[in-house]
>>> print(open('work-v4.csv').read())   # CSV, N, CA and C atoms
chain,number,residue,atom,x,y,z
F,1,MET,N,106.2,-206.5,-37.7
F,1,MET,CA,106.3,-205.1,-38.1
F,1,MET,C,107.7,-204.7,-38.5
F,2,MET,N,107.8,-203.9,-39.5
F,2,MET,CA,109.1,-203.4,-39.9
F,2,MET,C,109.1,-201.9,-39.6
F,3,PHE,N,110.3,-201.4,-39.4
F,3,PHE,CA,110.6,-199.9,-39.1
F,3,PHE,C,109.8,-199.5,-37.8
F,4,ASP,N,109.7,-200.4,-36.9
F,4,ASP,CA,108.9,-200.1,-35.7
F,4,ASP,C,109.9,-199.6,-34.6
F,5,SER,N,110.4,-198.4,-34.8
F,5,SER,CA,111.3,-197.7,-33.8
F,5,SER,C,111.2,-196.2,-34.0
F,6,SER,N,111.8,-195.5,-33.1
F,6,SER,CA,111.7,-194.1,-33.1
F,6,SER,C,112.6,-193.5,-34.3
F,7,ASP,N,113.4,-194.4,-34.9
F,7,ASP,CA,114.2,-193.9,-36.0
F,7,ASP,C,113.4,-193.7,-37.3
F,8,PHE,N,112.2,-194.3,-37.3
F,8,PHE,CA,111.3,-194.2,-38.5
F,8,PHE,C,110.0,-193.5,-38.2
F,9,PRO,N,109.3,-193.0,-39.2
F,9,PRO,CA,108.1,-192.2,-38.9
F,9,PRO,C,106.9,-193.1,-38.5
F,10,LYS,N,106.9,-194.4,-39.0
F,10,LYS,CA,105.8,-195.2,-38.8
F,10,LYS,C,106.2,-196.7,-39.1
F,11,ALA,N,105.5,-197.6,-38.5
F,11,ALA,CA,105.8,-199.0,-38.7
F,11,ALA,C,105.1,-199.5,-40.0
F,12,LEU,N,105.7,-200.5,-40.6
F,12,LEU,CA,105.2,-201.1,-41.9
F,12,LEU,C,104.9,-202.5,-41.7
F,13,GLU,N,103.7,-202.9,-42.1
F,13,GLU,CA,103.3,-204.3,-42.0
F,13,GLU,C,104.2,-205.2,-42.8
F,14,GLU,N,104.6,-206.3,-42.3
F,14,GLU,CA,105.4,-207.2,-43.1
F,14,GLU,C,104.7,-207.8,-44.3
F,15,SER,N,103.4,-208.0,-44.2
F,15,SER,CA,102.6,-208.5,-45.3
F,15,SER,C,102.6,-207.5,-46.5
F,16,THR,N,102.6,-206.2,-46.1
F,16,THR,CA,102.7,-205.2,-47.2
F,16,THR,C,104.0,-205.3,-47.9
F,17,PHE,N,105.1,-205.4,-47.1
F,17,PHE,CA,106.4,-205.5,-47.6
F,17,PHE,C,106.5,-206.7,-48.5
F,18,GLU,N,106.0,-207.8,-48.1
F,18,GLU,CA,106.1,-209.1,-48.9
F,18,GLU,C,105.3,-208.9,-50.2
F,19,SER,N,104.2,-208.2,-50.2
F,19,SER,CA,103.4,-208.0,-51.4
F,19,SER,C,104.1,-207.1,-52.4
F,20,TRP,N,104.9,-206.1,-51.8
F,20,TRP,CA,105.7,-205.3,-52.7
F,20,TRP,C,106.8,-206.1,-53.4
F,21,LEU,N,107.5,-206.9,-52.6
F,21,LEU,CA,108.5,-207.8,-53.2
F,21,LEU,C,108.0,-208.6,-54.3
F,22,GLU,N,106.8,-209.3,-54.1
F,22,GLU,CA,106.2,-210.1,-55.1
F,22,GLU,C,105.8,-209.3,-56.3
F,23,ALA,N,105.3,-208.1,-56.1
F,23,ALA,CA,104.9,-207.3,-57.3
F,23,ALA,C,106.1,-206.9,-58.1
F,24,GLY,N,107.2,-206.6,-57.5
F,24,GLY,CA,108.4,-206.3,-58.2
F,24,GLY,C,109.0,-207.5,-59.0
F,25,ARG,N,108.9,-208.6,-58.4
F,25,ARG,CA,109.4,-209.8,-59.0
F,25,ARG,C,108.6,-210.2,-60.2
F,26,ASN,N,107.3,-210.0,-60.1
F,26,ASN,CA,106.3,-210.4,-61.1
F,26,ASN,C,106.2,-209.3,-62.3
F,27,SER,N,106.8,-208.2,-62.1
F,27,SER,CA,106.7,-207.2,-63.1
F,27,SER,C,107.3,-207.6,-64.5
F,28,LYS,N,106.8,-207.1,-65.6
F,28,LYS,CA,107.3,-207.5,-66.9
F,28,LYS,C,108.7,-206.7,-67.1
F,29,ILE,N,108.9,-205.7,-66.4
F,29,ILE,CA,110.2,-205.0,-66.4
F,29,ILE,C,111.1,-205.7,-65.5
F,30,SER,N,112.3,-205.8,-65.8
F,30,SER,CA,113.2,-206.6,-65.0
F,30,SER,C,113.8,-205.7,-63.9
F,31,PHE,N,113.0,-205.5,-62.9
F,31,PHE,CA,113.5,-204.7,-61.7
F,31,PHE,C,114.4,-205.5,-60.9
F,32,ALA,N,115.4,-204.9,-60.2
F,32,ALA,CA,116.3,-205.6,-59.3
F,32,ALA,C,116.1,-205.2,-57.9
F,33,TYR,N,115.6,-204.0,-57.6
F,33,TYR,CA,115.5,-203.4,-56.3
F,33,TYR,C,114.2,-202.9,-55.9
F,34,LEU,N,113.8,-203.0,-54.7
F,34,LEU,CA,112.6,-202.4,-54.1
F,34,LEU,C,113.1,-201.3,-53.2
F,35,LEU,N,112.7,-200.0,-53.5
F,35,LEU,CA,113.0,-198.9,-52.6
F,35,LEU,C,111.7,-198.6,-51.8
F,36,ILE,N,111.9,-198.4,-50.5
F,36,ILE,CA,110.8,-198.0,-49.7
F,36,ILE,C,110.9,-196.6,-49.4
F,37,ILE,N,109.9,-195.8,-49.9
F,37,ILE,CA,110.0,-194.4,-49.8
F,37,ILE,C,108.9,-193.9,-48.8
F,38,TRP,N,109.3,-192.9,-47.9
F,38,TRP,CA,108.4,-192.3,-47.0
F,38,TRP,C,108.0,-191.0,-47.6
F,39,ASP,N,106.7,-190.8,-47.7
F,39,ASP,CA,106.1,-189.5,-48.2
F,39,ASP,C,105.5,-188.7,-47.1
F,40,ASP,N,106.1,-187.6,-46.8
F,40,ASP,CA,105.6,-186.8,-45.7
F,40,ASP,C,104.2,-186.2,-45.9
F,41,MET,N,103.9,-185.9,-47.2
F,41,MET,CA,102.6,-185.3,-47.5
F,41,MET,C,101.5,-186.3,-47.3
F,42,GLU,N,101.8,-187.6,-47.7
F,42,GLU,CA,100.7,-188.6,-47.6
F,42,GLU,C,100.8,-189.3,-46.2
F,43,GLY,N,101.9,-189.2,-45.5
F,43,GLY,CA,102.1,-189.8,-44.2
F,43,GLY,C,102.1,-191.3,-44.4
F,44,SER,N,102.7,-191.8,-45.5
F,44,SER,CA,102.7,-193.3,-45.7
F,44,SER,C,104.0,-193.7,-46.5
F,45,TYR,N,104.2,-195.0,-46.5
F,45,TYR,CA,105.3,-195.6,-47.3
F,45,TYR,C,104.7,-195.9,-48.7
F,46,SER,N,105.6,-196.0,-49.6
F,46,SER,CA,105.2,-196.5,-51.0
F,46,SER,C,106.4,-197.2,-51.6
F,47,PRO,N,106.2,-198.1,-52.5
F,47,PRO,CA,107.2,-198.9,-53.1
F,47,PRO,C,107.7,-198.2,-54.4
F,48,VAL,N,108.9,-198.2,-54.7
F,48,VAL,CA,109.5,-197.8,-56.0
F,48,VAL,C,110.4,-198.9,-56.4
F,49,TYR,N,110.3,-199.3,-57.7
F,49,TYR,CA,111.1,-200.3,-58.2
F,49,TYR,C,112.1,-199.8,-59.2
F,50,VAL,N,113.4,-200.2,-59.1
F,50,VAL,CA,114.4,-199.7,-60.0
F,50,VAL,C,115.2,-200.9,-60.5
F,51,GLU,N,115.8,-200.7,-61.7
F,51,GLU,CA,116.6,-201.7,-62.3
F,51,GLU,C,118.0,-201.8,-61.9
F,52,ASN,N,118.6,-200.6,-61.6
F,52,ASN,CA,120.0,-200.5,-61.2
F,52,ASN,C,120.2,-199.9,-59.8
F,53,ARG,N,121.2,-200.3,-59.2
F,53,ARG,CA,121.5,-199.8,-57.8
F,53,ARG,C,121.8,-198.3,-57.9
F,54,SER,N,122.3,-197.8,-59.0
F,54,SER,CA,122.7,-196.4,-59.1
F,54,SER,C,121.4,-195.5,-59.2
F,55,ASP,N,120.2,-196.1,-59.5
F,55,ASP,CA,119.0,-195.4,-59.5
F,55,ASP,C,118.5,-194.9,-58.1
F,56,MET,N,119.1,-195.5,-57.1
F,56,MET,CA,118.8,-195.1,-55.7
F,56,MET,C,119.2,-193.7,-55.4
F,57,ALA,N,120.2,-193.3,-56.1
F,57,ALA,CA,120.8,-191.9,-55.9
F,57,ALA,C,119.8,-190.8,-56.1
F,58,ALA,N,118.7,-191.1,-56.8
F,58,ALA,CA,117.7,-190.1,-57.1
F,58,ALA,C,116.9,-189.7,-55.9
F,59,TYR,N,117.1,-190.5,-54.8
F,59,TYR,CA,116.3,-190.2,-53.6
F,59,TYR,C,117.3,-189.9,-52.4
F,60,SER,N,116.9,-188.9,-51.7
F,60,SER,CA,117.7,-188.6,-50.5
F,60,SER,C,117.3,-189.5,-49.4
F,61,LYS,N,118.2,-189.8,-48.5
F,61,LYS,CA,117.9,-190.7,-47.4
F,61,LYS,C,117.0,-190.1,-46.3
F,62,TYR,N,116.1,-190.9,-45.8
F,62,TYR,CA,115.2,-190.4,-44.8
F,62,TYR,C,116.0,-189.9,-43.6
F,63,GLY,N,115.6,-188.7,-43.0
F,63,GLY,CA,116.3,-188.1,-41.9
F,63,GLY,C,117.4,-187.2,-42.3
F,64,ASP,N,117.9,-187.3,-43.5
F,64,ASP,CA,119.0,-186.4,-44.0
F,64,ASP,C,118.4,-185.4,-45.1
F,65,SER,N,117.1,-185.4,-45.3
F,65,SER,CA,116.6,-184.7,-46.4
F,65,SER,C,115.4,-183.8,-46.0
F,66,PRO,N,115.3,-182.6,-46.6
F,66,PRO,CA,114.1,-181.8,-46.4
F,66,PRO,C,113.1,-182.1,-47.4
F,67,GLU,N,113.4,-183.0,-48.4
F,67,GLU,CA,112.4,-183.4,-49.4
F,67,GLU,C,111.2,-184.1,-48.8
F,68,PRO,N,110.0,-183.9,-49.5
F,68,PRO,CA,108.8,-184.6,-48.9
F,68,PRO,C,108.9,-186.1,-49.1
F,69,GLN,N,109.7,-186.6,-50.1
F,69,GLN,CA,109.8,-188.0,-50.3
F,69,GLN,C,111.3,-188.4,-50.0
F,70,ALA,N,111.5,-189.4,-49.2
F,70,ALA,CA,112.8,-189.8,-48.9
F,70,ALA,C,112.9,-191.4,-48.8
F,71,LEU,N,114.1,-191.8,-49.1
F,71,LEU,CA,114.4,-193.3,-49.1
F,71,LEU,C,114.6,-193.8,-47.7
F,72,VAL,N,113.8,-194.7,-47.3
F,72,VAL,CA,113.9,-195.3,-45.9
F,72,VAL,C,114.8,-196.5,-46.0
F,73,ALA,N,114.6,-197.4,-47.0
F,73,ALA,CA,115.4,-198.6,-47.2
F,73,ALA,C,115.3,-199.1,-48.6
F,74,ALA,N,116.3,-199.9,-49.0
F,74,ALA,CA,116.3,-200.5,-50.3
F,74,ALA,C,116.6,-202.0,-50.1
F,75,TYR,N,116.0,-202.8,-50.9
F,75,TYR,CA,116.1,-204.3,-50.8
F,75,TYR,C,116.3,-204.9,-52.2
F,76,ASP,N,117.2,-205.9,-52.3
F,76,ASP,CA,117.3,-206.7,-53.5
F,76,ASP,C,116.1,-207.5,-53.6
F,77,LEU,N,115.4,-207.5,-54.7
F,77,LEU,CA,114.1,-208.2,-54.9
F,77,LEU,C,114.2,-209.7,-54.8
F,78,TYR,N,115.4,-210.2,-55.1
F,78,TYR,CA,115.5,-211.7,-55.1
F,78,TYR,C,116.2,-212.3,-53.9
F,79,SER,N,117.2,-211.7,-53.3
F,79,SER,CA,117.8,-212.2,-52.1
F,79,SER,C,117.1,-211.7,-50.9
F,80,GLU,N,116.3,-210.6,-51.1
F,80,GLU,CA,115.6,-209.9,-50.0
F,80,GLU,C,116.5,-209.3,-49.0
F,81,SER,N,117.8,-209.1,-49.3
F,81,SER,CA,118.7,-208.5,-48.4
F,81,SER,C,118.6,-207.0,-48.6
F,82,ARG,N,118.8,-206.3,-47.4
F,82,ARG,CA,118.8,-204.9,-47.4
F,82,ARG,C,120.1,-204.4,-48.0
F,83,VAL,N,120.0,-203.4,-49.0
F,83,VAL,CA,121.2,-202.9,-49.6
F,83,VAL,C,121.4,-201.4,-49.3
F,84,ALA,N,120.4,-200.8,-48.7
F,84,ALA,CA,120.6,-199.4,-48.3
F,84,ALA,C,119.6,-199.0,-47.3
>>> encode(input="work-v4.csv", output="structure tokens")
Amino acid sequence: MMFDSSDFPKALEESTFESWLEAGRNSKISFAYLLIIWDDMEGSYSPVYVENRSDMAAYSKYGDSPEPQALVAAYDLYSESRVA
């Protein structure tokens, strides 16, 4: 399980995370990053794929934002390293 602590709203299955990485890598658009977004209205995580690291700035960080959607984490699609 990922995000399985009181710092996050809910845990995320690693299999779901892995499927999101694979979907981003297999996209016809050359995405570089997977953003994991928490949606307060839906009560769930969702993936957002972006081409440039600067695209992450469009999302406020979870815990710092009153917005209903917030960035929980960002990963490089190919190295799988966390970048935000």
>>> closest_residue(input="work-v4.csv", among="F:Trp20, F:Ile36, F:Pro47, F:Glu14", to="Met2 in chain F", atoms="all atoms listed in the file")
F:Glu14
>>> atom_distance(input="work-v4.csv", atom1="atom N of Val48 in chain F", atom2="CA of Leu34 in chain F")
5.6 Å
>>> closest_residue(input="work-v4.csv", among="F:Ala23, F:Ala73, F:Met1, F:Met56", to="Ile37 in chain F", atoms="only C-alpha atoms")
F:Ala73
>>> atom_distance(input="work-v4.csv", atom1="atom N of Asn52 in chain F", atom2="atom N of Phe31 in chain F")
7.6 Å
>>> atom_distance(input="work-v4.csv", atom1="atom N of Glu67 in chain F", atom2="CA of Asp7 in chain F")
16.5 Å
>>> residues_around(input="work-v4.csv", residues="Val83 in chain F", least_positions_apart="2", cutoff="7 Å", atoms="only N, CA and C atoms", output="list of chain:residue names")
F:Ala73, F:Ala74, F:Tyr75, F:Asp76, F:Glu80, F:Ser81
>>> closest_residue(input="work-v4.csv", among="F:Ile29, F:Gly63, F:Leu21, F:Asp55", to="Leu77 in chain F", atoms="all atoms listed in the file")
F:Leu21
>>> select_by_dssp(input="work-v4.csv", residues="chain F", states="alpha helix (DSSP H)", output="list in words")
Glu14, Ser15, Thr16, Phe17, Glu18, Ser19, Trp20, Leu21, Glu22, Ala23, Gly24, Arg25 and Asn26 of chain F
>>> residues_around(input="work-v4.csv", residues="Gln69 in chain F", least_positions_apart="5", cutoff="6 Å", atoms="all atoms listed in the file", output="VMD selection string")
chain F and resid 38 to 40 60
>>> write_last_selection(input="work-v4.csv", atoms="N, CA and C atoms", output="PDB file, keeping the file's coordinate frame")
ATOM      1  N   TRP F  38     109.300-192.900 -47.900  1.00  0.00           N
ATOM      2  CA  TRP F  38     108.400-192.300 -47.000  1.00  0.00           C
ATOM      3  C   TRP F  38     108.000-191.000 -47.600  1.00  0.00           C
ATOM      4  N   ASP F  39     106.700-190.800 -47.700  1.00  0.00           N
ATOM      5  CA  ASP F  39     106.100-189.500 -48.200  1.00  0.00           C
ATOM      6  C   ASP F  39     105.500-188.700 -47.100  1.00  0.00           C
ATOM      7  N   ASP F  40     106.100-187.600 -46.800  1.00  0.00           N
ATOM      8  CA  ASP F  40     105.600-186.800 -45.700  1.00  0.00           C
ATOM      9  C   ASP F  40     104.200-186.200 -45.900  1.00  0.00           C
ATOM     10  N   SER F  60     116.900-188.900 -51.700  1.00  0.00           N
ATOM     11  CA  SER F  60     117.700-188.600 -50.500  1.00  0.00           C
ATOM     12  C   SER F  60     117.300-189.500 -49.400  1.00  0.00           C
TER      13      SER F  60
END
>>> closest_residue(input="work-v4.csv", among="F:Tyr49, F:Ser15, F:Phe3, F:Glu42", to="Pro68 in chain F", atoms="all atoms listed in the file")
F:Glu42
>>> select_by_dssp(input="work-v4.csv", residues="chain F", states="strand (DSSP E or B)", output="ChimeraX atom specification")
/F:2,12,33-39,44-50,61,69-76,82
>>> residues_around(input="work-v4.csv", residues="Lys61 in chain F", least_positions_apart="2", cutoff="6 Å", atoms="only N, CA and C atoms", output="short mmCIF file (atom, residue, chain, number, x, y, z; two decimals) with N, CA and C atoms, in the frame of the given file")
data_model
loop_
_atom_site.label_atom_id
_atom_site.label_comp_id
_atom_site.auth_asym_id
_atom_site.auth_seq_id
_atom_site.Cartn_x
_atom_site.Cartn_y
_atom_site.Cartn_z
N TYR F 59 117.10 -190.50 -54.80
CA TYR F 59 116.30 -190.20 -53.60
C TYR F 59 117.30 -189.90 -52.40
N GLY F 63 115.60 -188.70 -43.00
CA GLY F 63 116.30 -188.10 -41.90
C GLY F 63 117.40 -187.20 -42.30
N ASP F 64 117.90 -187.30 -43.50
CA ASP F 64 119.00 -186.40 -44.00
C ASP F 64 118.40 -185.40 -45.10
N SER F 65 117.10 -185.40 -45.30
CA SER F 65 116.60 -184.70 -46.40
C SER F 65 115.40 -183.80 -46.00
N ALA F 70 111.50 -189.40 -49.20
CA ALA F 70 112.80 -189.80 -48.90
C ALA F 70 112.90 -191.40 -48.80
N LEU F 71 114.10 -191.80 -49.10
CA LEU F 71 114.40 -193.30 -49.10
C LEU F 71 114.60 -193.80 -47.70
N VAL F 72 113.80 -194.70 -47.30
CA VAL F 72 113.90 -195.30 -45.90
C VAL F 72 114.80 -196.50 -46.00
#
